file start.cif (mmCIF, C-alpha atoms)
data_final
loop_
_atom_site.label_atom_id
_atom_site.label_comp_id
_atom_site.auth_asym_id
_atom_site.auth_seq_id
_atom_site.Cartn_x
_atom_site.Cartn_y
_atom_site.Cartn_z
CA MET A 1 22.64 -26.18 -37.78
CA LYS A 2 21.45 -22.60 -37.59
CA THR A 3 19.49 -23.40 -34.39
CA LYS A 4 22.57 -25.00 -32.82
CA LEU A 5 24.65 -21.95 -33.66
CA THR A 6 21.99 -19.64 -32.23
CA ILE A 7 21.81 -21.63 -28.98
CA ALA A 8 25.62 -21.70 -28.75
CA GLY A 9 25.70 -17.95 -29.31
CA LEU A 10 23.03 -17.39 -26.68
CA MET A 11 24.87 -19.59 -24.18
CA THR A 12 28.15 -17.78 -24.77
CA ALA A 13 26.50 -14.40 -24.38
CA LEU A 14 24.71 -15.52 -21.23
CA ILE A 15 27.87 -16.93 -19.65
CA PHE A 16 29.72 -13.69 -20.30
CA SER A 17 26.81 -11.48 -19.25
CA ALA A 18 26.16 -13.55 -16.12
CA ALA A 19 29.79 -13.60 -15.00
CA PRO A 20 29.71 -10.29 -13.10
CA ALA A 21 26.49 -11.32 -11.37
CA THR A 22 28.34 -12.84 -8.46
CA PRO A 23 28.89 -10.14 -5.89
CA LEU A 24 32.55 -9.16 -6.13
CA ALA A 25 33.17 -6.51 -3.56
CA HIS A 26 31.53 -5.50 -0.33
CA GLY A 27 29.54 -2.29 0.06
CA ASP A 28 29.36 -1.14 -3.55
CA GLY A 29 25.63 -0.66 -3.94
CA PHE A 30 25.06 -3.54 -6.30
CA ASN A 31 26.12 -6.14 -3.76
CA ASP A 32 24.35 -4.26 -0.99
CA ALA A 33 21.08 -4.30 -2.93
CA VAL A 34 21.44 -8.05 -3.60
CA LYS A 35 22.10 -8.71 0.09
CA ILE A 36 19.20 -6.58 1.28
CA ILE A 37 16.83 -8.54 -0.96
CA GLU A 38 18.26 -11.86 0.20
CA GLN A 39 18.01 -10.95 3.88
CA PHE A 40 14.57 -9.32 3.78
CA TYR A 41 12.86 -11.90 1.59
CA HIS A 42 14.97 -14.96 2.54
CA VAL A 43 15.78 -15.68 -1.10
CA LYS A 44 18.96 -16.43 -3.03
CA HIS A 45 20.11 -14.80 -6.23
CA GLN A 46 21.04 -16.82 -9.30
CA SER A 47 23.91 -16.12 -11.62
CA ILE A 48 22.55 -17.62 -14.84
CA PRO A 49 19.26 -16.32 -16.18
CA LEU A 50 16.82 -18.53 -18.00
CA LEU A 51 17.24 -18.70 -21.75
CA ALA A 52 13.60 -17.81 -22.17
CA ARG A 53 14.31 -14.28 -20.99
CA ALA A 54 16.59 -13.56 -23.89
CA GLY A 55 15.53 -12.11 -27.19
CA MET A 56 12.40 -10.36 -28.47
CA LYS A 57 12.58 -7.51 -26.01
CA ALA A 58 14.99 -5.41 -28.03
CA VAL A 59 12.24 -3.95 -30.17
CA ARG A 60 10.30 -2.75 -27.14
CA THR A 61 13.40 -1.19 -25.60
CA ALA A 62 14.31 0.48 -28.86
CA ALA A 63 10.84 1.95 -29.13
CA ARG A 64 11.36 3.85 -25.89
CA ILE A 65 14.46 5.62 -27.08
CA LYS A 66 14.33 8.35 -29.66
CA GLY A 67 16.51 8.08 -32.71
CA GLY A 68 14.98 5.21 -34.61
CA ASP A 69 17.17 2.14 -34.67
CA TYR A 70 17.88 -0.02 -31.68
CA LYS A 71 20.58 1.40 -29.50
CA ARG A 72 22.07 -0.12 -26.40
CA LEU A 73 21.31 2.01 -23.34
CA ALA A 74 24.17 0.84 -21.16
CA GLU A 75 27.81 1.35 -22.04
CA ALA A 76 29.45 -1.80 -23.40
CA GLY A 77 30.86 -4.04 -20.69
CA SER A 78 29.40 -1.97 -17.87
CA VAL A 79 26.47 -4.16 -16.91
CA ARG A 80 26.20 -6.27 -13.77
CA VAL A 81 23.09 -8.36 -13.28
CA ALA A 82 21.72 -10.54 -10.49
CA PHE A 83 18.52 -12.54 -10.94
CA PHE A 84 16.11 -14.00 -8.45
CA GLU A 85 13.74 -16.34 -10.25
CA ASP A 86 10.87 -18.59 -9.15
CA GLN A 87 11.09 -17.37 -5.57
CA ASN A 88 8.56 -15.87 -3.22
CA PHE A 89 8.71 -12.12 -2.62
CA ASP A 90 6.19 -11.48 0.13
CA SER A 91 6.83 -8.29 2.10
CA ARG A 92 4.12 -9.22 4.66
CA GLY A 93 2.78 -5.67 4.65
CA GLN A 94 6.22 -4.20 5.33
CA ILE A 95 7.06 -2.89 1.89
CA ALA A 96 7.80 0.58 3.31
CA THR A 97 10.31 -0.98 5.72
CA PHE A 98 12.09 -2.61 2.81
CA LYS A 99 12.18 0.76 1.04
CA GLN A 100 13.65 2.40 4.14
CA THR A 101 16.31 -0.32 4.47
CA MET A 102 17.29 0.10 0.85
CA GLN A 103 17.38 3.86 1.25
CA ALA A 104 19.44 3.73 4.46
CA THR A 105 21.99 1.35 2.96
CA LEU A 106 22.51 3.15 -0.34
CA ALA A 107 22.09 6.73 0.90
CA GLY A 108 25.80 7.46 1.34
CA THR A 109 26.88 6.97 -2.25
CA TRP A 110 23.73 6.67 -4.37
CA SER A 111 20.94 9.20 -4.96
CA PRO A 112 17.40 7.89 -5.24
CA LEU A 113 15.82 8.84 -8.53
CA VAL A 114 12.59 6.90 -8.86
CA GLN A 115 10.82 4.50 -6.55
CA THR A 116 7.52 2.84 -7.37
CA LEU A 117 5.74 0.46 -5.04
CA ALA A 118 2.60 -1.59 -5.57
CA PRO A 119 2.26 -3.68 -2.39
CA LYS A 120 -0.88 -5.49 -3.54
CA ASN A 121 1.06 -7.08 -6.40
CA GLU A 122 4.36 -7.05 -4.51
CA GLU A 123 5.84 -4.93 -7.31
CA GLN A 124 8.66 -2.52 -6.61
CA THR A 125 11.13 -0.57 -8.70
CA TYR A 126 14.04 1.39 -7.30
CA ILE A 127 16.37 3.47 -9.44
CA TYR A 128 19.48 4.98 -7.89
CA ILE A 129 22.12 7.05 -9.57
CA ARG A 130 25.69 8.22 -8.94
CA ASP A 131 28.42 10.06 -10.80
CA ALA A 132 30.89 8.17 -12.96
CA ALA A 133 33.18 10.90 -14.30
CA ASP A 134 31.33 12.21 -17.37
CA LYS A 135 28.78 9.40 -17.22
CA PHE A 136 26.37 7.99 -14.64
CA HIS A 137 26.15 4.70 -12.82
CA VAL A 138 22.53 3.59 -12.60
CA LEU A 139 21.33 0.92 -10.19
CA VAL A 140 17.93 -0.59 -10.93
CA VAL A 141 16.18 -2.97 -8.55
CA THR A 142 12.99 -4.56 -9.82
CA ILE A 143 10.96 -6.86 -7.63
CA GLU A 144 7.80 -8.75 -8.54
CA ARG A 145 5.87 -11.44 -6.70
CA HIS A 146 8.06 -14.30 -7.92
CA GLU A 147 11.14 -12.71 -9.41
CA ALA A 148 13.56 -9.86 -8.95
CA THR A 149 16.44 -8.31 -10.85
CA VAL A 150 19.29 -6.07 -9.76
CA VAL A 151 21.07 -4.26 -12.58
CA GLU A 152 23.95 -1.84 -12.40
CA ALA A 153 25.02 -0.12 -15.61
CA THR A 154 26.97 2.88 -16.77
CA VAL A 155 24.89 5.23 -18.89
CA ALA A 156 25.89 8.23 -21.01
CA PRO A 157 24.21 11.51 -19.96
CA GLU A 158 22.38 11.88 -23.29
CA ILE A 159 20.79 8.45 -22.82
CA LEU A 160 19.93 9.32 -19.23
CA ALA A 161 18.31 12.55 -20.41
CA GLN A 162 16.01 10.63 -22.74
CA LEU A 163 15.21 8.04 -20.08
CA MET A 164 14.43 10.74 -17.54
CA THR A 165 11.51 12.05 -19.57
CA ASP A 166 9.65 8.93 -18.48
CA PRO A 167 11.15 7.86 -15.16
CA GLY A 168 8.41 5.28 -14.66
CA GLU A 169 9.63 3.35 -17.69
CA MET A 170 13.32 3.93 -17.04
CA GLY A 171 13.82 0.91 -14.77
CA LYS A 172 12.03 -1.41 -17.15
CA ALA A 173 13.96 -0.14 -20.17
CA LEU A 174 17.35 -0.50 -18.46
CA THR A 175 16.56 -3.92 -17.03
CA GLU A 176 15.39 -5.19 -20.39
CA ASP A 177 18.44 -3.71 -22.04
CA ALA A 178 20.73 -5.46 -19.58
CA THR A 179 19.01 -8.80 -19.84
CA ILE A 180 18.68 -9.13 -23.58
CA ASN A 181 21.43 -10.11 -25.95
CA ASP A 182 21.97 -9.18 -29.54
CA ASN A 183 22.81 -12.64 -30.87
CA MET B 1 -5.37 4.07 34.03
CA ARG B 2 -4.92 1.18 31.64
CA ASN B 3 -7.51 2.68 29.29
CA LEU B 4 -5.71 6.00 29.40
CA PHE B 5 -2.44 4.26 28.57
CA GLN B 6 -4.07 2.34 25.71
CA SER B 7 -5.67 5.49 24.28
CA THR B 8 -2.40 7.38 24.51
CA TRP B 9 -0.57 4.52 22.85
CA LYS B 10 -3.10 4.43 20.00
CA LEU B 11 -2.61 8.13 19.42
CA ALA B 12 1.18 7.81 19.39
CA PRO B 13 1.46 7.63 15.55
CA VAL B 14 -0.66 10.79 15.24
CA PHE B 15 1.54 12.66 17.73
CA LEU B 16 4.62 11.38 15.95
CA LEU B 17 3.34 12.58 12.59
CA LEU B 18 2.45 15.98 14.04
CA LEU B 19 5.93 16.19 15.53
CA VAL B 20 7.55 15.26 12.21
CA GLY B 21 5.19 17.65 10.43
CA SER B 22 6.09 20.56 12.66
CA ALA B 23 9.78 19.71 12.35
CA SER B 24 9.32 19.69 8.58
CA THR B 25 7.63 23.07 8.75
CA ALA B 26 10.57 24.45 10.63
CA GLN B 27 12.97 23.06 8.05
CA ALA B 28 11.02 24.07 4.96
CA GLN B 29 12.25 27.63 4.70
CA GLY B 30 12.89 27.47 0.97
CA PRO B 31 10.98 26.26 -2.04
CA LYS B 32 11.85 22.59 -1.42
CA LEU B 33 9.23 20.78 0.63
CA GLN B 34 9.88 18.06 3.16
CA MET B 35 7.85 15.07 2.02
CA ASP B 36 9.55 12.06 3.61
CA GLN B 37 7.02 12.05 6.46
CA LEU B 38 4.52 10.66 3.93
CA ASP B 39 6.59 7.55 3.20
CA PHE B 40 4.71 5.37 5.68
CA LEU B 41 1.62 5.65 3.42
CA ALA B 42 3.37 3.24 1.05
CA ASN B 43 2.29 0.36 3.29
CA LYS B 44 -1.37 1.25 2.80
CA ALA B 45 -1.24 2.44 -0.79
CA ASN B 46 -2.07 0.38 -3.83
CA GLU B 47 0.60 2.20 -5.72
CA THR B 48 3.30 4.64 -4.71
CA VAL B 49 5.45 6.76 -7.00
CA ASP B 50 8.40 8.69 -5.59
CA VAL B 51 10.51 10.75 -7.99
CA LYS B 52 13.54 12.84 -7.01
CA LEU B 53 15.34 14.70 -9.76
CA ASP B 54 17.86 17.02 -8.15
CA GLU B 55 19.60 20.12 -9.51
CA ARG B 56 22.80 18.46 -10.69
CA LEU B 57 20.88 15.81 -12.57
CA MET B 58 18.48 18.34 -14.08
CA GLN B 59 21.28 20.60 -15.32
CA THR B 60 23.42 17.73 -16.60
CA THR B 61 20.65 16.23 -18.64
CA ALA B 62 18.86 19.45 -19.70
CA LYS B 63 21.63 20.32 -22.18
CA PHE B 64 20.97 17.14 -24.12
CA PHE B 65 17.54 18.34 -25.20
CA SER B 66 18.70 20.18 -28.28
CA GLY B 67 16.51 19.01 -31.13
CA LYS B 68 13.51 20.90 -32.54
CA ASP B 69 11.11 18.53 -30.82
CA ASP B 70 12.87 19.14 -27.53
CA ALA B 71 12.67 22.95 -27.63
CA ASP B 72 9.61 23.07 -25.36
CA ILE B 73 11.21 20.70 -22.83
CA LYS B 74 14.48 22.61 -22.86
CA GLU B 75 12.65 25.88 -22.28
CA ALA B 76 10.55 24.38 -19.49
CA LEU B 77 13.61 22.94 -17.75
CA LYS B 78 15.59 26.17 -17.93
CA GLY B 79 16.75 27.05 -14.43
CA ILE B 80 14.87 24.17 -12.78
CA LYS B 81 16.76 22.94 -9.75
CA GLY B 82 14.70 19.92 -8.87
CA ILE B 83 11.50 17.97 -9.45
CA TYR B 84 10.11 15.99 -6.53
CA VAL B 85 6.94 13.93 -6.74
CA LYS B 86 5.17 11.68 -4.28
CA SER B 87 1.95 10.03 -5.34
CA PHE B 88 -0.15 7.50 -3.45
CA SER B 89 -3.14 5.62 -4.89
CA PHE B 90 -5.38 3.71 -2.53
CA GLU B 91 -7.87 0.91 -3.00
CA LYS B 92 -10.49 2.47 -0.77
CA GLU B 93 -11.29 5.85 0.74
CA GLY B 94 -10.05 6.96 4.12
CA GLU B 95 -6.61 5.38 3.86
CA TYR B 96 -4.93 8.73 4.40
CA SER B 97 -6.07 11.58 6.59
CA GLN B 98 -6.06 15.35 6.84
CA VAL B 99 -3.02 15.02 9.13
CA GLU B 100 -0.91 13.86 6.17
CA VAL B 101 -2.29 16.65 3.96
CA ASP B 102 -1.62 19.20 6.71
CA SER B 103 1.98 18.04 7.07
CA ILE B 104 2.48 19.48 3.56
CA VAL B 105 0.03 22.41 3.69
CA SER B 106 1.59 23.69 6.91
CA GLN B 107 4.86 24.18 5.02
CA LEU B 108 3.04 26.27 2.42
CA ARG B 109 1.82 28.82 4.96
CA GLY B 110 5.17 30.61 5.10
CA ASN B 111 5.67 34.15 3.89
CA THR B 112 7.11 33.15 0.54
CA TRP B 113 4.34 30.75 -0.47
CA SER B 114 1.00 31.82 -1.89
CA LYS B 115 -1.87 29.80 -3.29
CA ILE B 116 -2.52 30.82 -6.88
CA LEU B 117 -5.03 28.24 -8.04
CA THR B 118 -7.68 25.97 -6.59
CA VAL B 119 -9.63 23.55 -8.73
CA LYS B 120 -12.48 21.69 -7.04
CA SER B 121 -14.57 19.03 -8.64
CA LYS B 122 -17.67 18.12 -6.65
CA LYS B 123 -18.41 15.21 -8.94
CA ASP B 124 -15.05 13.51 -8.51
CA ARG B 125 -14.40 15.07 -5.09
CA GLU B 126 -11.08 16.16 -6.49
CA ASN B 127 -9.21 19.14 -5.16
CA ILE B 128 -6.12 20.57 -6.82
CA GLU B 129 -4.21 23.40 -5.22
CA VAL B 130 -1.27 25.19 -6.80
CA TYR B 131 1.15 27.25 -4.73
CA LEU B 132 4.00 29.51 -5.86
CA ASN B 133 7.09 30.35 -3.87
CA MET B 134 8.26 33.89 -4.57
CA VAL B 135 11.30 35.78 -3.39
CA GLY B 136 10.79 39.40 -4.38
CA ASP B 137 9.32 39.19 -7.85
CA GLN B 138 11.18 35.98 -8.69
CA ILE B 139 9.40 32.64 -8.75
CA THR B 140 11.60 30.17 -6.92
CA GLY B 141 9.35 27.16 -6.65
CA LEU B 142 5.97 25.60 -7.14
CA ALA B 143 3.91 23.05 -5.30
CA VAL B 144 0.86 21.17 -6.50
CA LEU B 145 -1.38 19.17 -4.20
CA SER B 146 -3.87 16.82 -5.78
CA ILE B 147 -6.25 15.52 -3.15
CA GLU B 148 -8.78 12.87 -4.11
CA PRO B 149 -10.63 10.33 -1.97
CA LYS B 150 -8.38 7.51 -3.18
CA GLU B 151 -5.33 9.43 -4.31
CA PHE B 152 -2.92 11.93 -2.82
CA THR B 153 -0.20 13.54 -4.94
CA VAL B 154 2.35 16.19 -4.10
CA VAL B 155 4.49 17.77 -6.83
CA ASN B 156 7.27 20.13 -5.83
CA ILE B 157 9.33 21.90 -8.47
CA VAL B 158 12.24 24.05 -7.34
CA GLY B 159 13.31 26.91 -9.60
CA PRO B 160 11.67 29.44 -11.90
CA ILE B 161 8.45 27.71 -12.89
CA ASP B 162 4.96 28.89 -13.71
CA ILE B 163 1.70 27.28 -14.75
CA GLU B 164 2.65 27.41 -18.42
CA LYS B 165 5.94 25.61 -17.83
CA LEU B 166 4.22 23.16 -15.51
CA SER B 167 1.73 22.22 -18.21
CA LYS B 168 4.66 21.47 -20.55
CA LEU B 169 6.21 19.16 -17.98
CA GLU B 170 3.00 17.25 -17.26
CA GLY B 171 3.40 13.58 -18.10
CA GLN B 172 7.19 13.92 -18.18
CA PHE B 173 10.01 13.81 -15.63
CA GLY B 174 7.70 12.14 -13.16
CA VAL B 175 5.23 15.03 -13.13
CA PRO B 176 1.80 13.43 -13.32
CA ASP B 177 -0.83 14.57 -15.76
CA LEU B 178 -2.69 16.99 -13.53
CA GLY B 179 -4.93 18.41 -16.22
CA ILE B 180 -3.68 21.92 -15.56
CA GLU B 181 -3.65 24.07 -18.66
CA SER B 182 -2.55 27.64 -18.92
CA ASP B 183 -4.41 29.95 -21.33
CA LYS B 184 -1.47 29.90 -23.69
CA THR B 185 -1.24 26.14 -23.83
CA LYS B 186 -4.94 25.37 -24.13
CA LYS B 187 -5.62 23.62 -27.36
CA LYS B 188 -8.51 24.95 -29.36
#
call {"tool": "encode", "arguments": {"input": "start.cif", "output": "C-alpha cells"}}
result
Amino acid sequence: MKTKLTIAGLMTALIFSAAPATPLAHGDGFNDAVKIIEQFYHVKHQSIPLLARAGMKAVRTAARIKGGDYKRLAEAGSVRVAFFEDQNFDSRGQIATFKQTMQATLAGTWSPLVQTLAPKNEEQTYIYIRDAADKFHVLVVTIERHEATVVEATVAPEILAQLMTDPGEMGKALTEDATINDN
Amino acid sequence: MRNLFQSTWKLAPVFLLLLVGSASTAQAQGPKLQMDQLDFLANKANETVDVKLDERLMQTTAKFFSGKDDADIKEALKGIKGIYVKSFSFEKEGEYSQVEVDSIVSQLRGNTWSKILTVKSKKDRENIEVYLNMVGDQITGLAVLSIEPKEFTVVNIVGPIDIEKLSKLEGQFGVPDLGIESDKTKKK
C-alpha cells in the first residue's frame, strides 16, 4: 500500500514537474537552448523523465548549500525542465562550434556565467543568468554522451551567492534540484 | 604557385589569430582582458572551464556573505568588478602554442600593467606570472597566467585586488587553486 502511494505520489509530481517541459514560447532562452541541442545533435527532447532519476539526490544537493537542512534552490513553481535521454550526443570534434551557437543565440538576453567542456567525454555544462526583478533566472544546460538536460529556474540572490562560490558545481546542484522531488 | 597558395592557406589560422590578438590589444585599454580569441582551443582541450562573473553579479551577491565564516570572502570581494577565468587542459603537449599565450601577454604590455611575480618550476615546467593593473597608486585589476605543457589558464580579476585577496579567492568563484600564497596567508 505504502509503495503504491509512493509511486502515485512520484507520478503526480513528475506529471506536474514535466508539464512546463514542452517549449511554450519562441525565443525565450529555454526553448532556444532546447532547439539548438535538437538541431546540432539531431535529437529530440522528452517531456517525462524516467522514474529512476527521482529521489536520493536531495542529500547531495543539500550538502552543497550551507545552512544544514535540505533547502530547495529554485523558487517554488519556477522550474522548467527538458530531458534528452538515451540519445547520442556526438559533437564530431565541433564542440566549440556548439558553444559559439549557444552563445550567439542567447547573447542578447542572457549573460554567460560558467561554461565547462570536456570534448573527450562529450560533457558540457552551460550556465546563463538574467535579471528577474529582485531575483535571477538561471538557465542550465548539461550535456553528456547519452543524455542532456535543460533547466530554467528562478533563484533568490542569497542562494545564487552561495552557488557562485563553486561555479563548477552550480549547474549540477541546480539540475539535481530541479529533477528531484520531495515525495 | 600552388605550393605558395597551399602554404599561405595553412598559415591562415595563424594570421587570423595574430589579427584577433592585435585587435584585442587595441581594445584592452583597461584592466579587463580580451580572452575570447582563445575559445577555439576548446576543440583541442580535454577540459575547458570558462567563468564570467561580472560587476553587477559580484555586487548583488557579495552582500549576502554576512556570516562570520564569510568575513574573509566578503573582504576579498569588496570592490571587485569582475572575475573572468579561462582554463584549458590538454591530453598531450603542444596542443597550444606561444601565439595563444602572446595574444594575452601582448595586452599586458600596456603602461598600466606590470609583472609583479614569476614562479617557474623546472621540474613541472610550470610558469606562473602575476600582473597588476595600476592607475596612479590604485590597483584596478590583476591577471594571472598559468602556463604548463598540458594546461593553460588565464585569470583576470577587475577591481582592487592584491596577492593576499587573490589567495583568499583561490578555489572559489571559479578562481583555480594556483598555489599562490602571500606572506600573511601562509600557514605555519
call {"tool": "interface_residues", "arguments": {"input": "start.cif", "of": "chain B", "to": "chain A", "cutoff": "12 Å", "atoms": "all atoms listed in the file", "output": "short mmCIF file (atom, residue, chain, number, x, y, z; two decimals) with C-alpha atoms, in the coordinates of the input"}}
result
data_model
loop_
_atom_site.label_atom_id
_atom_site.label_comp_id
_atom_site.auth_asym_id
_atom_site.auth_seq_id
_atom_site.Cartn_x
_atom_site.Cartn_y
_atom_site.Cartn_z
CA ASP B 36 9.55 12.06 3.61
CA GLN B 37 7.02 12.05 6.46
CA LEU B 38 4.52 10.66 3.93
CA ASP B 39 6.59 7.55 3.20
CA PHE B 40 4.71 5.37 5.68
CA LEU B 41 1.62 5.65 3.42
CA ALA B 42 3.37 3.24 1.05
CA ASN B 43 2.29 0.36 3.29
CA LYS B 44 -1.37 1.25 2.80
CA ALA B 45 -1.24 2.44 -0.79
CA ASN B 46 -2.07 0.38 -3.83
CA GLU B 47 0.60 2.20 -5.72
CA THR B 48 3.30 4.64 -4.71
CA VAL B 49 5.45 6.76 -7.00
CA ASP B 50 8.40 8.69 -5.59
CA VAL B 51 10.51 10.75 -7.99
CA LYS B 52 13.54 12.84 -7.01
CA LEU B 53 15.34 14.70 -9.76
CA ASP B 54 17.86 17.02 -8.15
CA GLU B 55 19.60 20.12 -9.51
CA ARG B 56 22.80 18.46 -10.69
CA LEU B 57 20.88 15.81 -12.57
CA MET B 58 18.48 18.34 -14.08
CA GLN B 59 21.28 20.60 -15.32
CA THR B 60 23.42 17.73 -16.60
CA THR B 61 20.65 16.23 -18.64
CA ALA B 62 18.86 19.45 -19.70
CA LYS B 63 21.63 20.32 -22.18
CA PHE B 64 20.97 17.14 -24.12
CA PHE B 65 17.54 18.34 -25.20
CA SER B 66 18.70 20.18 -28.28
CA GLY B 67 16.51 19.01 -31.13
CA ASP B 69 11.11 18.53 -30.82
CA ASP B 70 12.87 19.14 -27.53
CA ILE B 73 11.21 20.70 -22.83
CA LYS B 74 14.48 22.61 -22.86
CA LEU B 77 13.61 22.94 -17.75
CA GLY B 82 14.70 19.92 -8.87
CA ILE B 83 11.50 17.97 -9.45
CA TYR B 84 10.11 15.99 -6.53
CA VAL B 85 6.94 13.93 -6.74
CA LYS B 86 5.17 11.68 -4.28
CA SER B 87 1.95 10.03 -5.34
CA PHE B 88 -0.15 7.50 -3.45
CA SER B 89 -3.14 5.62 -4.89
CA PHE B 90 -5.38 3.71 -2.53
CA GLU B 91 -7.87 0.91 -3.00
CA LYS B 168 4.66 21.47 -20.55
CA LEU B 169 6.21 19.16 -17.98
CA GLU B 170 3.00 17.25 -17.26
CA GLY B 171 3.40 13.58 -18.10
CA GLN B 172 7.19 13.92 -18.18
CA PHE B 173 10.01 13.81 -15.63
CA GLY B 174 7.70 12.14 -13.16
CA VAL B 175 5.23 15.03 -13.13
CA PRO B 176 1.80 13.43 -13.32
#
call {"tool": "resolve_selection", "arguments": {"input": "start.cif", "expression": "the PyMOL selection byres ((chain B and resi 160) around 8)", "output": "ChimeraX atom specification"}}
result
/B:78-80,138-141,158-159,161-162
call {"tool": "write_last_selection", "arguments": {"input": "start.cif", "atoms": "C-alpha atoms", "output": "short mmCIF file (atom, residue, chain, number, x, y, z; two decimals), in the coordinates of the input"}}
result
data_model
loop_
_atom_site.label_atom_id
_atom_site.label_comp_id
_atom_site.auth_asym_id
_atom_site.auth_seq_id
_atom_site.Cartn_x
_atom_site.Cartn_y
_atom_site.Cartn_z
CA LYS B 78 15.59 26.17 -17.93
CA GLY B 79 16.75 27.05 -14.43
CA ILE B 80 14.87 24.17 -12.78
CA GLN B 138 11.18 35.98 -8.69
CA ILE B 139 9.40 32.64 -8.75
CA THR B 140 11.60 30.17 -6.92
CA GLY B 141 9.35 27.16 -6.65
CA VAL B 158 12.24 24.05 -7.34
CA GLY B 159 13.31 26.91 -9.60
CA ILE B 161 8.45 27.71 -12.89
CA ASP B 162 4.96 28.89 -13.71
#
call {"tool": "atom_distance", "arguments": {"input": "start.cif", "atom1": "CA of Thr175 in chain A", "atom2": "CA of Gly108 in chain A"}}
result
23.5 Å
call {"tool": "atom_distance", "arguments": {"input": "start.cif", "atom1": "CA of Phe83 in chain A", "atom2": "CA of Asp28 in chain A"}}
result
17.4 Å
call {"tool": "atom_distance", "arguments": {"input": "start.cif", "atom1": "CA of Leu174 in chain A", "atom2": "CA of Ala132 in chain A"}}
result
17.0 Å
call {"tool": "closest_residue", "arguments": {"input": "start.cif", "among": "A:Val43, A:Ala178, A:Ala153, A:Met170", "to": "Phe84 in chain A", "atoms": "all atoms listed in the file"}}
result
A:Val43
call {"tool": "closest_residue", "arguments": {"input": "start.cif", "among": "A:Leu73, A:Ala133, A:Met102, A:Arg145", "to": "Glu176 in chain A", "atoms": "all atoms listed in the file"}}
result
A:Leu73
call {"tool": "resolve_selection", "arguments": {"input": "start.cif", "expression": "the PyMOL selection byres ((chain A and resi 34) around 9)", "output": "VMD selection string"}}
result
chain A and resid 23 29 to 33 35 to 39 44 to 45 82 141 149 to 150
call {"tool": "axis_aligned_box", "arguments": {"input": "start.cif", "around": "range 76-81 of chain A", "padding_each_side": "8 Å", "output": "AutoDock Vina command-line options"}}
result
--center_x 27.0 --center_y -5.1 --center_z -18.3 --size_x 23.8 --size_y 22.6 --size_z 26.1
call {"tool": "residues_around", "arguments": {"input": "start.cif", "residues": "Lys115 in chain B", "least_positions_apart": "5", "cutoff": "10 Å", "atoms": "all atoms listed in the file", "output": "ChimeraX atom specification"}}
result
/B:108-109,129-133,142-144
call {"tool": "residues_around", "arguments": {"input": "start.cif", "residues": "range 119-123 of chain B", "least_positions_apart": "5", "cutoff": "12 Å", "atoms": "only C-alpha atoms", "output": "JSON, numbers by chain"}}
result
{"B": [128, 129, 130, 144, 145, 146, 147, 148, 149, 178, 179, 180, 181]}
